[in-house]
Amino acid sequence: MSSNTTDNTGYKSYLEEDGGRKGIFKWILSTDHKRIGLLYLYAMMLWFCVGVVLGLLMKLELIAPGKTLMEAQAYNATFTVHGVIMIFLIVIPGLPAVFGNFMLPIQIGAKDVAFPRLNLFSWYIYILGGILVIISLFGNGPPDTGWTFYAPYSFKTGTNMLPAALGAFVLGFSSILTGLNFIVTIHRMRAPGMTWFKMPLFPWTLYGTAWIQLLATPIIGITLLMVAGERILGIGFFDPAKGGDPLLYQHLFWIYSHPAVYIMILPAMGAISEIIPTFAKKTIFGYKAIVFSTLAIAFVGYFVWGHHMYTSGMSGAALWAFSLLTFIVAIPSAIKVFNWISTMHQGSISTEIPFLWAASFIFIFMIGGLTGLVLGSLAIDVHVHDTAFVVAHFHFIVFGGVGFAFFGAIHYWFSKIFGRKYDPSWAKTGWIIFFIGFVTLYGPMFYLGIKGMPRRYFDYLEEFHGPNIISTLGAMVMVAGFLIILVNLIKSARHGEKTTEMNPWGGTNLEWQVPTPPPLENFDEIPVIDKATYKYD
Amino acid sequence: MSESIAHHDEHRDDEASKLGIWLFIFTELLFFGGLFITYAVYRHAHPQAFHMAAQQLDVAVGTINTVILLISSMTIAMATTSIQKKDKRTTLILIGITLVLALVFLVNKYFEWSAKIDHGIWPGSPLLEELGKGDTLFFGLYFFMTGLHALHIIIGMILIIVIFVRVRKDKISFDNFQLLENGGLYWHLVDLIWIFLFPLFYLIT
Amino acid sequence: MSDTTHHIVPYRTYALILLLLLVLTSTSVAVTQIELTRWATIVALLLASTKSAIVLAIFMHLKFDQTVYKVMAIFVVLVITAVIILTFLDYGFR
Amino acid sequence: MYTAEPQQASNFVAGVDLAFLITLGVSIFFLIALTVIMLVFIRKYRKEKHPEAIQNEGSNKLEALWTGIPLVLVLVMFYFGWMGWRPMKNPPEEAMHVTAIARMWNFRFEYENGKFSDSLIVPINEPVILDLVALDVLHSLYIPAFRVKEDMVPGQDKVMWFIPGTPGEFDLFCTEYCGLQHSYMFTVVKVISKEEFDAWMTDTTAVTTVVDTELSLADQGWEVLTRNACNACHSSDGSKLIGPSYLGGWGGTRTVVSGREELQVAVDEAYIMRSIFDPDAEVVKGFNKSLMQPYEGMITEEEVKLIIEYLKALNE
Ligand code: HEA
Ligand code: HEA
Ligand code: CUA
Ligand SMILES: [Cu+2]
């Protein structure tokens, strides 16, 4: 294990190099990809706390039938805003914007992304989208359409859905520009010698993700624009009274929003593929298989959107095709899981915090993914569609998958980013509590869904009471875990023990060969790559 | 080491910016792709009404606009040739023609739209409600898609004006003309979309 | 970094291409005006596709560029086509 | 977990549950197997016990194996899902039709003889076809015990069908989010014997439209309002919901938007009639158009008079 330290003289880290700017301008005017990554991180942390509070409020409301905390209108607004924030402001930009920005150029041996100014611009667009979402909370009241904005309700409601939809539209642009930047960076700026198949897996997943961002996001852009046209001009695209077809809205919405779930999960899988070999001290098993499965998910994932519409009245032919394709798209995910577990075989595993997150990711992801198969089956989905079962599925996979990977990633790269160490025992305590809370929170929802409790229900029948209580208790446990993790990270980022150790975990990729924290342009001299990644001999 | 700090965004990679603009073009194609799907679905649902409604559009105006866009596409493409031949004057003239043609296109569009509006046809107009669902959708799509296309023309024009100024100031020259080429690519995209809008709205009746 | 040799396309090529495009345009106008009903639709769309292929290849220099661009462009067209086909699996068989 | 419910509550239960058990079985098998393998690896190959990792690049044989086996398994799952679902799309030719009408936020079921009811009453062992009608926005009709669900889309004619197999009362939910009172949009299916059903069908006194004439006129008006779910959008205490409150309207004037103009209109009988039968013609300022459906044919003029009595009493 190499734990070389460099002496701190003679180089200035990106955190010290402020381009001669003052105060906050050191950050919001900097085009350094690392600072931009952190800008996203901070913005997301704020949003995330809002989203978590909203989630908790819903759970408190659902602890008992009838009104416990808020009125139906407030509840409807709560799950809408919760969904919009979590999906559009957190998990879609999530890993690519934070760790993609920070690590991608370093991992491929570049000094920055291809278009640094465009990169900063994307962040501003992201903030603008966030502001629009905030604006939607005032005036006629927060939107109450669900994050899916289904027509025709979405243009009949008197609430402020337009700013929220425009917010999502604007956020889409941010996402597109980030994707564009990453594709160009990967095509043009890989260090000499780094052929495509010598590239680490995290950049690979970012590459797949970027293509989805580029090719799927415009569809929701135009769809939301059409909804705006509908609301402002009354054109009638989706208004049955004027000949429009509400199902076409659903098609267009899911043409984006299904691929979007792979925007969320692919980088998460990439982060896991980084963490596991590092802590197993072993080459990743089946590198090429993982690469191809990434591309396969990105590609096939584009063509399964119809599985959100099994009961909407599509033709039998379409249902047949969509169900089949949905099952096919599960295969590449399965391949990844098998390869990760095989990587552990005959490794030399140290169960540090990031590894714990990665292993629990695999477990949670399997539950989320396998219940996805349940939903993909035509007969079963007719029964469980729009019930708590779906809510459980996507929390397991979105939040369990992306969230666990995110935490794994931040614990993995923490010292590289901040040049400080966190307290491992607190981190571990937080992880255990979080994990237990998570399963208790979302587990019962599967049962509720099978029993037939519909989603987006502010109130429910007495027969659903028991599991809801368990679930709410789970939420409280989980939030306790979350707070421990969060406080530990924030405290450590500000006051933690300083470190300049280049490679604390003994990783093999380039980010472990630059100083900690990295200098402004990452490398003095662009490295020349002559061997494959994840080599431990 | 501090000498190498600044200016990391100043290095030039023409191929990268070209790739960038291409990727952006792909996004735009999918953006309009969503509308083409919408069009196809509604045409499928109301073939008769779309047939009748399309006949109300003036093929002549549409054809003229098509020709205008095709010519402007050629002139901007020629500009990349002339700049490489170090012929600044011709370059400026070609870009200028492109701009003028773009303007003519917009003027045509303006008259076409006003004529429709004079006849009581605009999105959500009472007349359309009377005419029925097919017509509502057809003209809704017509205004939406051509409107969005016109918006792209305007964006393209702004871009080309910037390029014009830069060529004049020799910021774009025979060994540094990527911006011109990129602007051209964008302009061709506008043309590409029109190539489909034209038959869909004016021709197929 | 300039690892591409720019191919200078002669004016003549562009002019000829424009001519070709204009001919195709007038063909599609002519075909649709003489009412071939369903065939007119197909012909008009085929002509439009041809025209856009020509614009892509020559005006947009795909023909002279590196292969990546071609691969990407074809890929994107395939994606759009596949999406339309899937959508019509629904609308076509309702 | 399914066995707790009555078996064969409908003809689809068997197919759906079979698909479910197979899919869940395979899933649980993989979940447990892979988790156990992972835990064993983590224990067995931990650094302390296994300090030197044995490098291994991968194996094409294994990749093929774990592409192939899941592929076969998912195709099996797909097949059972498909088979369980297919009969749902093939309603029999001969069957009783019931029109299910959904609007914000209640269901209403109309029978072939014109009788209607707010819960779905069906005879056992007879196929029933529901013609789905949505008046305003998307709704979805879901009977968990029957394993059936279908969205109700305004402007589209759709059907769903089933053969109930167990007598009793089952929940019926709206599962497509449809606004404020979505979670209160539920009722029950009552499965009764053929004889009971026939008796119910022909029994005109049981038709639920008649208002209890024992009550005062104003109270009868309140009954009408409740039955038509008006109170979901209009309050009696002046608070602003989806539509204007009953309180403070009658006898005064209101500022309404009609087309593009703003008008002052007197709240009188004619106005109330108009706002019930053609709500979009004049919308009170500050409220949204097209949220309320015309109630022409659902509320009679006599009933409107009762409503007006209620409004009068309320505003006294
Ligand atoms: C990160 C996001 C994410 C991811 C990755 C997925 C992945 C999958 N999802 Fe999920 N999904 C959502 C987010 C996500 N989903 C969201 C947000 C919704 C709800 C939206 C809303 O309505 O609000 C949703 C809803 C949803 C539905 C619609 C439910 C309904 O509304 O009725 C369906 C139906 O098919 C579905 C299926 C799947 C499938 C088959 C996968 C597959 O990709 C899963 C593949 C993974 C595995 C299969 C597990 C690993 C493999 C093994 C352990 C080996 C063994 C495997 C085999 C034998 C095959 N999802
Ligand atoms: C990422 C996505 C995400 C996340 C994290 C959460 C978090 C939570 N969610 Fe959910 N939720 C959605 C996405 C998400 N949600 C969506 C899309 C819907 C559908 C909306 C709709 O129907 O329109 C929904 C709906 C939804 C409902 C259903 C409403 C209904 O149908 O009636 C409920 C009910 O209890 C709920 C509860 C919760 C709770 C208690 C939490 C949390 O409060 C739990 C606490 C969280 C933590 C303790 C920390 C987790 C950490 C990370 C994820 C990583 C950190 C990442 C960064 C900082 C960038 N959510
Ligand atoms: Cu009706 Cu939900
Ligand atoms: Cu999906």
# chains A, B, ... in the order shown; residues from 1 in each chain; ligands from 1
>>> interface_residues(of="chain D", to="chain B", cutoff="12 Å", atoms="only C-alpha atoms", output="list in words")
Gly155, Gly259 and Arg260 of chain D
>>> write_last_selection(atoms="N, CA, C and O atoms", output="JSON list (two decimals), in the first residue's frame")
[["chain", "number", "residue", "atom", "x", "y", "z"],
["D", 155, "GLY", "N", -62.44, 11.47, -22.58],
["D", 155, "GLY", "CA", -62.44, 11.49, -24.04],
["D", 155, "GLY", "C", -62.10, 10.16, -24.66],
["D", 155, "GLY", "O", -62.01, 10.07, -25.89],
["D", 259, "GLY", "N", -65.63, 34.83, -20.64],
["D", 259, "GLY", "CA", -64.77, 35.05, -21.80],
["D", 259, "GLY", "C", -63.59, 35.87, -21.35],
["D", 259, "GLY", "O", -62.84, 35.47, -20.48],
["D", 260, "ARG", "N", -63.46, 37.08, -21.93],
["D", 260, "ARG", "CA", -62.36, 37.93, -21.50],
["D", 260, "ARG", "C", -62.83, 39.10, -20.65],
["D", 260, "ARG", "O", -62.03, 39.91, -20.20]]
>>> residues_around(residues="region 30-43 of chain A", least_positions_apart="6", cutoff="9 Å", atoms="only C-alpha atoms", output="JSON, numbers by chain")
{"A": [14, 15, 18, 19, 21, 93, 94, 96, 97, 98, 99, 100, 101, 102, 103, 105, 111, 112, 113, 116, 117, 118, 119, 120, 123, 126, 127, 417, 518, 520, 521], "B": [9]}
>>> closest_atom_pairs(of="chain D", to="ligand 2", cutoff="12 Å", atoms="only C-alpha atoms and all ligand atoms", output="CSV")
residue,atom,partner,partner_atom_place_in_ligand_line,distance
D:Thr175,CA,ligand 2,31 (O),10.2
D:Glu176,CA,ligand 2,22 (O),10.4
D:Tyr177,CA,ligand 2,22 (O),8.6
D:Cys178,CA,ligand 2,22 (O),11.8
D:Gly179,CA,ligand 2,23 (O),11.9
D:His182,CA,ligand 2,32 (O),10.5
D:Ser183,CA,ligand 2,32 (O),9.1
>>> closest_residue(among="D:Thr166, D:Thr35, D:Gln8, D:Ser235", to="chain A", atoms="only C-alpha atoms")
D:Thr35
>>> atom_distance(atom1="CA of Gly270 (chain A)", atom2="atom 24 (C, counted along the ligand's line) of ligand 1")
20.4 Å
>>> interface_residues(of="chain C", to="chain B", cutoff="9 Å", atoms="only C-alpha atoms", output="VMD selection string")
chain C and resid 1 to 4 6 8 to 11 14 to 15 17 to 18 21 to 22 25 to 26 28 to 29 32 to 33 35 37 to 38 40 to 41 44 to 45 48 to 49 51 to 52 55 to 56 58 to 61 69 72 to 73 76 to 77 80 83 to 84 87 to 88 91 to 92
>>> write_last_selection(atoms="N, CA and C atoms", output="compact mmCIF listing (two decimals), in the first residue's frame")
# COMPACT_ATOMS: atom_id res chain seq x y z
N MET C 1 -4.00 22.29 -30.85
CA MET C 1 -4.31 20.90 -31.24
C MET C 1 -5.13 20.88 -32.51
N SER C 2 -4.55 20.60 -33.57
CA SER C 2 -5.32 20.56 -34.80
C SER C 2 -4.96 19.29 -35.56
N ASP C 3 -5.66 18.22 -35.19
CA ASP C 3 -5.29 16.95 -35.80
C ASP C 3 -6.15 16.62 -37.00
N THR C 4 -6.83 17.63 -37.52
CA THR C 4 -7.63 17.36 -38.71
C THR C 4 -7.11 18.21 -39.85
N HIS C 6 -8.27 20.18 -42.78
CA HIS C 6 -9.55 20.66 -43.29
C HIS C 6 -9.62 20.48 -44.79
N ILE C 8 -10.99 21.60 -48.07
CA ILE C 8 -11.64 22.79 -48.63
C ILE C 8 -12.58 22.36 -49.74
N VAL C 9 -13.87 22.59 -49.48
CA VAL C 9 -14.86 22.20 -50.49
C VAL C 9 -14.97 23.31 -51.51
N PRO C 10 -14.81 22.99 -52.80
CA PRO C 10 -14.90 24.05 -53.82
C PRO C 10 -16.30 24.64 -53.91
N TYR C 11 -16.39 25.91 -54.30
CA TYR C 11 -17.69 26.57 -54.45
C TYR C 11 -18.62 25.77 -55.34
N TYR C 14 -20.72 23.14 -53.77
CA TYR C 14 -21.87 23.69 -53.04
C TYR C 14 -22.97 24.11 -54.00
N ALA C 15 -22.58 24.75 -55.06
CA ALA C 15 -23.58 25.24 -56.01
C ALA C 15 -24.34 24.07 -56.62
N ILE C 17 -24.76 21.15 -55.33
CA ILE C 17 -25.62 20.55 -54.30
C ILE C 17 -26.89 21.37 -54.14
N LEU C 18 -26.74 22.70 -54.15
CA LEU C 18 -27.93 23.53 -54.03
C LEU C 18 -28.89 23.22 -55.16
N LEU C 21 -30.67 20.11 -54.51
CA LEU C 21 -31.69 20.28 -53.47
C LEU C 21 -32.93 20.97 -54.02
N LEU C 22 -32.68 21.97 -54.87
CA LEU C 22 -33.83 22.69 -55.44
C LEU C 22 -34.64 21.75 -56.33
N THR C 25 -36.66 19.62 -54.15
CA THR C 25 -37.78 20.37 -53.58
C THR C 25 -38.93 20.48 -54.58
N SER C 26 -38.57 20.87 -55.79
CA SER C 26 -39.65 21.05 -56.76
C SER C 26 -40.31 19.70 -57.07
N SER C 28 -40.80 17.31 -54.99
CA SER C 28 -41.77 16.97 -53.94
C SER C 28 -42.99 17.87 -54.01
N VAL C 29 -42.78 19.15 -54.38
CA VAL C 29 -43.96 20.01 -54.55
C VAL C 29 -44.83 19.45 -55.68
N THR C 32 -46.71 16.19 -54.76
CA THR C 32 -47.83 16.32 -53.83
C THR C 32 -48.97 17.14 -54.43
N GLN C 33 -48.64 18.01 -55.41
CA GLN C 33 -49.74 18.79 -55.98
C GLN C 33 -50.61 17.94 -56.90
N GLU C 35 -51.65 15.09 -56.30
CA GLU C 35 -52.49 14.20 -55.51
C GLU C 35 -52.25 12.71 -55.76
N THR C 37 -52.22 10.94 -53.13
CA THR C 37 -52.71 10.60 -51.79
C THR C 37 -51.62 9.96 -50.93
N ARG C 38 -51.80 8.70 -50.54
CA ARG C 38 -50.87 8.13 -49.57
C ARG C 38 -49.46 8.08 -50.08
N ALA C 40 -48.10 10.12 -52.04
CA ALA C 40 -47.50 11.46 -51.99
C ALA C 40 -46.84 11.69 -50.65
N THR C 41 -47.50 11.25 -49.58
CA THR C 41 -46.92 11.41 -48.25
C THR C 41 -45.58 10.71 -48.17
N ALA C 44 -42.99 12.35 -50.39
CA ALA C 44 -42.53 13.64 -49.86
C ALA C 44 -41.57 13.42 -48.69
N LEU C 45 -41.90 12.46 -47.84
CA LEU C 45 -41.02 12.22 -46.69
C LEU C 45 -39.70 11.60 -47.13
N ALA C 48 -37.69 14.36 -48.45
CA ALA C 48 -37.17 15.19 -47.35
C ALA C 48 -35.98 14.50 -46.69
N SER C 49 -36.09 13.17 -46.51
CA SER C 49 -34.97 12.47 -45.90
C SER C 49 -33.72 12.54 -46.78
N LYS C 51 -33.03 14.86 -48.92
CA LYS C 51 -32.50 16.22 -48.85
C LYS C 51 -31.68 16.40 -47.58
N SER C 52 -32.24 15.92 -46.46
CA SER C 52 -31.49 16.17 -45.22
C SER C 52 -30.19 15.37 -45.20
N VAL C 55 -27.79 17.46 -47.10
CA VAL C 55 -27.33 18.60 -46.31
C VAL C 55 -26.31 18.14 -45.27
N LEU C 56 -26.64 17.05 -44.61
CA LEU C 56 -25.73 16.53 -43.58
C LEU C 56 -24.38 16.17 -44.18
N ILE C 58 -22.87 17.04 -47.17
CA ILE C 58 -22.03 18.02 -47.85
C ILE C 58 -21.98 19.35 -47.11
N PHE C 59 -23.15 19.97 -46.93
CA PHE C 59 -23.13 21.28 -46.26
C PHE C 59 -22.52 21.15 -44.87
N MET C 60 -22.89 20.07 -44.19
CA MET C 60 -22.40 19.93 -42.82
C MET C 60 -21.12 19.10 -42.76
N HIS C 61 -20.57 18.81 -43.91
CA HIS C 61 -19.22 18.22 -44.01
C HIS C 61 -19.08 16.83 -43.41
N TYR C 69 -18.20 11.34 -36.15
CA TYR C 69 -19.38 12.16 -36.38
C TYR C 69 -20.45 11.38 -37.14
N MET C 72 -22.04 8.88 -34.83
CA MET C 72 -22.97 9.53 -33.89
C MET C 72 -24.25 9.95 -34.59
N ALA C 73 -24.11 10.57 -35.76
CA ALA C 73 -25.30 11.06 -36.45
C ALA C 73 -26.23 9.90 -36.79
N VAL C 76 -27.98 8.70 -33.70
CA VAL C 76 -29.08 9.56 -33.25
C VAL C 76 -30.32 9.36 -34.11
N VAL C 77 -30.09 9.27 -35.42
CA VAL C 77 -31.24 9.05 -36.31
C VAL C 77 -31.92 7.72 -35.96
N ILE C 80 -34.07 8.13 -32.84
CA ILE C 80 -35.35 8.82 -33.11
C ILE C 80 -36.31 7.87 -33.81
N VAL C 83 -37.75 5.34 -31.42
CA VAL C 83 -38.75 5.92 -30.52
C VAL C 83 -40.08 6.08 -31.25
N ILE C 84 -40.00 6.54 -32.48
CA ILE C 84 -41.26 6.72 -33.23
C ILE C 84 -41.93 5.38 -33.46
N THR C 87 -43.58 4.26 -30.28
CA THR C 87 -44.79 5.02 -30.00
C THR C 87 -45.94 4.52 -30.87
N PHE C 88 -45.60 4.19 -32.11
CA PHE C 88 -46.67 3.75 -33.01
C PHE C 88 -47.05 2.30 -32.78
N TYR C 91 -50.02 3.58 -30.87
CA TYR C 91 -51.08 4.25 -31.61
C TYR C 91 -51.55 3.47 -32.82
N GLY C 92 -50.64 2.72 -33.41
CA GLY C 92 -51.03 1.98 -34.60
C GLY C 92 -51.94 0.79 -34.31
>>> residues_near_ligand(ligand="ligand 4", cutoff="9 Å", atoms="only C-alpha atoms and all ligand atoms", output="compact mmCIF listing (two decimals) with N, CA and C atoms, in the first residue's frame")
# COMPACT_ATOMS: atom_id res chain seq x y z
N TRP A 254 -42.49 10.03 -20.17
CA TRP A 254 -41.67 8.88 -19.79
C TRP A 254 -40.57 8.58 -20.79
N SER A 257 -38.35 10.40 -18.77
CA SER A 257 -38.17 10.12 -17.36
C SER A 257 -37.79 8.69 -17.08
N HIS A 258 -38.08 7.77 -17.99
CA HIS A 258 -37.48 6.48 -17.72
C HIS A 258 -35.97 6.51 -17.93
N PRO A 259 -35.48 6.93 -19.11
CA PRO A 259 -34.02 7.03 -19.22
C PRO A 259 -33.40 7.82 -18.08
N ALA A 260 -34.15 8.79 -17.57
CA ALA A 260 -33.61 9.59 -16.47
C ALA A 260 -33.26 8.72 -15.26
N VAL A 261 -34.02 7.65 -15.03
CA VAL A 261 -33.66 6.84 -13.87
C VAL A 261 -32.30 6.18 -14.10
N TYR A 262 -31.94 5.97 -15.35
CA TYR A 262 -30.60 5.44 -15.59
C TYR A 262 -29.56 6.53 -15.54
N GLY A 301 -32.27 1.16 -22.15
CA GLY A 301 -33.08 1.93 -21.21
C GLY A 301 -33.90 3.00 -21.89
N VAL A 304 -37.86 1.54 -22.93
CA VAL A 304 -38.75 0.78 -22.05
C VAL A 304 -39.75 1.68 -21.34
N TRP A 305 -39.86 2.94 -21.80
CA TRP A 305 -40.63 3.90 -21.02
C TRP A 305 -42.08 3.45 -20.79
N GLY A 306 -42.58 2.64 -21.69
CA GLY A 306 -43.99 2.28 -21.59
C GLY A 306 -44.35 1.50 -20.33
N HIS A 307 -43.35 1.00 -19.59
CA HIS A 307 -43.73 0.22 -18.42
C HIS A 307 -44.33 1.07 -17.30
N HIS A 308 -44.34 2.38 -17.48
CA HIS A 308 -45.04 3.21 -16.51
C HIS A 308 -46.50 3.38 -16.88
N THR A 326 -38.42 -4.28 -20.91
CA THR A 326 -38.14 -4.00 -19.51
C THR A 326 -37.37 -5.15 -18.87
N GLY A 372 -38.26 -4.17 -9.25
CA GLY A 372 -38.50 -3.60 -10.58
C GLY A 372 -38.97 -4.69 -11.53
N GLY A 376 -42.25 -4.94 -13.74
CA GLY A 376 -42.16 -5.05 -15.19
C GLY A 376 -43.09 -6.11 -15.75
>>> interface_residues(of="chain A", to="chain D", cutoff="7 Å", atoms="only C-alpha atoms", output="PyMOL selection string")
chain A and resi 72-73+152-153+156+158+240+281-286+311-313+324+327+331+335+341+344-350+363+366+370+374+377-380+382-383+386+452+454+456-459
>>> select_by_dssp(residues="region 256-491 of chain A", states="helix (DSSP H, G or I)", output="PyMOL selection string")
chain A and resi 256-280+287-303+305-308+316-344+353-376+378-384+388-418+424-451+462-491
>>> interface_residues(of="chain A", to="chain B", cutoff="6 Å", atoms="only C-alpha atoms", output="ChimeraX atom specification")
/A:214-215,218-219,222,234-235,242-243
>>> write_last_selection(atoms="N, CA and C atoms", output="short mmCIF file (atom, residue, chain, number, x, y, z; two decimals), in the first residue's frame")
data_model
loop_
_atom_site.label_atom_id
_atom_site.label_comp_id
_atom_site.auth_asym_id
_atom_site.auth_seq_id
_atom_site.Cartn_x
_atom_site.Cartn_y
_atom_site.Cartn_z
N LEU A 214 -28.13 13.85 -23.03
CA LEU A 214 -28.16 14.60 -24.28
C LEU A 214 -29.37 14.24 -25.13
N LEU A 215 -29.69 12.97 -25.18
CA LEU A 215 -30.72 12.54 -26.13
C LEU A 215 -32.10 12.40 -25.50
N PRO A 218 -33.99 16.60 -24.00
CA PRO A 218 -34.77 17.51 -24.85
C PRO A 218 -36.24 17.11 -24.97
N ILE A 219 -36.53 15.83 -24.85
CA ILE A 219 -37.92 15.41 -25.00
C ILE A 219 -38.76 15.98 -23.87
N ILE A 222 -39.27 19.79 -24.47
CA ILE A 222 -40.33 20.16 -25.40
C ILE A 222 -41.70 19.85 -24.80
N GLY A 234 -53.62 27.94 -24.35
CA GLY A 234 -54.76 27.04 -24.54
C GLY A 234 -54.73 26.33 -25.87
N ILE A 235 -53.55 25.89 -26.30
CA ILE A 235 -53.45 25.26 -27.62
C ILE A 235 -54.21 23.95 -27.69
N LYS A 242 -60.20 19.40 -26.50
CA LYS A 242 -59.80 20.01 -27.76
C LYS A 242 -59.19 19.00 -28.71
N GLY A 243 -59.31 17.73 -28.37
CA GLY A 243 -58.80 16.71 -29.27
C GLY A 243 -57.46 16.15 -28.86
#
>>> closest_residue(among="A:Ser122, A:Ser315, A:Thr159, A:Thr294", to="chain C", atoms="only C-alpha atoms")
A:Ser315
>>> atom_distance(atom1="CA of Tyr447 (chain A)", atom2="CA of Phe303 (chain A)")
29.5 Å
>>> closest_residue(among="A:Thr145, A:Thr500, A:Ser415, A:Asn181", to="ligand 1", atoms="only C-alpha atoms and all ligand atoms")
A:Thr145
>>> residues_around(residues="Met453 (chain A)", least_positions_apart="4", cutoff="7 Å", atoms="only C-alpha atoms", output="list in words")
Thr387, Ala388, Leu448 and Gly449 of chain A
>>> interface_residues(of="chain C", to="chain A", cutoff="6 Å", atoms="only C-alpha atoms", output="mmCIF file with all heavy atoms, in the first residue's frame")
data_model
loop_
_atom_site.group_PDB
_atom_site.id
_atom_site.type_symbol
_atom_site.label_atom_id
_atom_site.label_comp_id
_atom_site.auth_asym_id
_atom_site.auth_seq_id
_atom_site.Cartn_x
_atom_site.Cartn_y
_atom_site.Cartn_z
ATOM 1 N N LEU C 89 -46.243 1.567 -32.041
ATOM 2 C CA LEU C 89 -46.734 0.257 -31.611
ATOM 3 C C LEU C 89 -47.983 0.457 -30.777
ATOM 4 O O LEU C 89 -48.874 -0.382 -30.750
ATOM 5 C CB LEU C 89 -45.685 -0.447 -30.758
ATOM 6 C CG LEU C 89 -44.733 -1.380 -31.460
ATOM 7 C CD1 LEU C 89 -43.909 -2.126 -30.439
ATOM 8 C CD2 LEU C 89 -45.476 -2.350 -32.347
ATOM 9 N N ASP C 90 -48.014 1.564 -30.071
ATOM 10 C CA ASP C 90 -49.226 1.868 -29.309
ATOM 11 C C ASP C 90 -50.307 2.438 -30.228
ATOM 12 O O ASP C 90 -51.357 1.843 -30.401
ATOM 13 C CB ASP C 90 -48.888 2.852 -28.191
ATOM 14 C CG ASP C 90 -50.122 3.275 -27.413
ATOM 15 O OD1 ASP C 90 -51.188 2.655 -27.603
ATOM 16 O OD2 ASP C 90 -50.033 4.218 -26.611
ATOM 17 N N PHE C 93 -51.913 0.303 -33.080
ATOM 18 C CA PHE C 93 -52.673 -0.921 -32.785
ATOM 19 C C PHE C 93 -53.735 -0.702 -31.720
ATOM 20 O O PHE C 93 -54.203 -1.658 -31.126
ATOM 21 C CB PHE C 93 -51.714 -2.022 -32.317
ATOM 22 C CG PHE C 93 -50.758 -2.467 -33.386
ATOM 23 C CD1 PHE C 93 -49.530 -1.842 -33.541
ATOM 24 C CD2 PHE C 93 -51.116 -3.494 -34.250
ATOM 25 C CE1 PHE C 93 -48.657 -2.244 -34.540
ATOM 26 C CE2 PHE C 93 -50.244 -3.899 -35.236
ATOM 27 C CZ PHE C 93 -49.017 -3.276 -35.391
ATOM 28 N N ARG C 94 -54.105 0.541 -31.465
ATOM 29 C CA ARG C 94 -55.091 0.799 -30.428
ATOM 30 C C ARG C 94 -56.408 0.133 -30.776
ATOM 31 O O ARG C 94 -56.856 0.191 -31.895
ATOM 32 C CB ARG C 94 -55.344 2.317 -30.317
ATOM 33 C CG ARG C 94 -54.343 2.983 -29.424
ATOM 34 C CD ARG C 94 -54.932 3.239 -28.066
ATOM 35 N NE ARG C 94 -53.919 3.836 -27.210
ATOM 36 C CZ ARG C 94 -53.774 5.162 -27.092
ATOM 37 N NH1 ARG C 94 -54.549 5.972 -27.745
ATOM 38 N NH2 ARG C 94 -52.854 5.629 -26.294
#
